[in-house]
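First the structure, in the form of structure tokens, and then the observations on it.
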Amino acid sequence: MSEFMDMALGEAKAAGARGEVPVGAVLVGPDGAVLARDGNRVVELADPSAHAEMLVIRQAARQLGSERLIGCDLYVTLEPCPMCAGAISLARIRRLYYGAEDPKAGGVDHGPRVFSHPTCHHVPEVYGGLQETASSELLRAFFKTRR
């Protein structure tokens, strides 16, 4: 489990080096193999939906040939926003592991809490706080240089 968060942190660092908000994600298949890994590419792709989670969900869905990622687990360095939480539910991801909480823009344990709505089709198991300090420090350092 920690090896996948380490990979996600590596993707977050690479995103930060590209000038993107340093968030990284890794999607792991039911067999434990990495299906996709990426970091934010919003600026690079001029795409407001190019969050790390969305990119790995798209890659894995193409690779598996299915919009349903049943039995897959997602590791991400920051609590997903509402858009990404919605995609996680629609993809039927089994487990979500995330690093830092996002009280301002999170959509899982903060803000709209997407998975708690009765209209949410699928609720993954959620585990927050994995490598939270490392994830938070990456974000703090990035935004400190922007102020």
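In the structure tokens, the first chain shown is A, the next is B, and so on; residue numbers restart at 1 for each chain, and ligands run from 1 in the order shown.
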Write out as a ChimeraX atom specification the residues lying within 12 Å of Arg18 of chain A, counting only C-alpha atoms and excluding same-chain residues fewer than 4 positions away. /A:11-14,22-23,39-45,142
For segment 126-138 of chain A, find every residue with an atom within 8 Å (counting only C-alpha atoms), except residues of its own chain fewer than 6 positions away, and show them as a list of chain:residue names. A:Ser2, A:Met5, A:Leu9, A:Ala12, A:Lys13, A:Pro22, A:Thr77, A:Leu78, A:Glu79, A:Arg95, A:Leu96, A:Tyr97, A:Tyr98, A:Gly99, A:Ala100, A:Glu101
Of A:Asp31, A:Arg37, A:Leu69, A:Arg92, the one sitting nearest Ala15 of chain A when using only C-alpha atoms is A:Arg37
Backbone-only DSSP, strand (DSSP E or B) members of chain A, as a list of chain:residue names: A:Gly24, A:Ala25, A:Val26, A:Leu27, A:Val28, A:Val34, A:Leu35, A:Ala36, A:Arg37, A:Asp38, A:Gly39, A:Asp73, A:Leu74, A:Tyr75, A:Val76, A:Thr77, A:Leu78, A:Arg95, A:Leu96, A:Tyr97, A:Tyr98, A:Gly99, A:Ala100, A:Glu125, A:Val126, A:Tyr127, A:Gly128
List the spatial neighbours of segment 53-64 of chain A as number ranges by chain - criterion: any atom at most 8 Å away, only C-alpha atoms, same-chain residues fewer than 4 positions off excluded. A: 24-27, 35-40, 49, 68-69, 74, 76, 80, 84, 87-88, 91
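Comparing the minimum interatomic distances between Met83 of chain A and each of A:Ala8, A:Val123, A:Val21, A:Val108, counting only C-alpha atoms, we find that A:Val108 sits nearest.
Taking only C-alpha atoms into account, Arg94 of chain A lies nearest to A:Glu125 out of the set A:Glu20, A:Asp47, A:Glu125, A:Asp6.
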Rounded to one decimal in Å, what is the spacing between atom CA of Pro103 of chain A and atom CA of Arg146 of chain A? 19.8 Å
Using atom CA of His117 of chain A and atom CA of Gly65 of chain A as the two end points, give the distance in Å to one decimal.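 Taking atom CA of His117 of chain A and atom CA of Gly65 of chain A, their separation equals 28.5 Å.
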Taking the DSSP assignment computed from this structure's backbone, write out as a PyMOL selection string all residues of segment 52-93 of chain A that belong to alpha helix (DSSP H). chain A and resi 52-64+82-90
Given the choices A:Glu67, A:Thr119, A:Asp109, A:Val114, which gets closest to Pro82 of chain A if the distance is worked out from only C-alpha atoms?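 Residue with the minimum atom-to-atom distance to Pro82 of chain A: A:Val114.
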Which is closest to Ala52 of chain A among A:Phe143, A:Pro112, A:Ser89, A:Cys81, if we use only C-alpha atoms? A:Cys81
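Atom CA of Arg140 of chain A to atom CA of Ala105 of chain A spans 15.0 Å [interatomic distance, one decimal].
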Between A:Val34, A:Ala85, A:Ser66, A:Ile93, single out the one closest to His110 of chain A, counting only C-alpha atoms.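 Looking only at the distances to His110 of chain A, the closest residue turns out to be A:Ala85.
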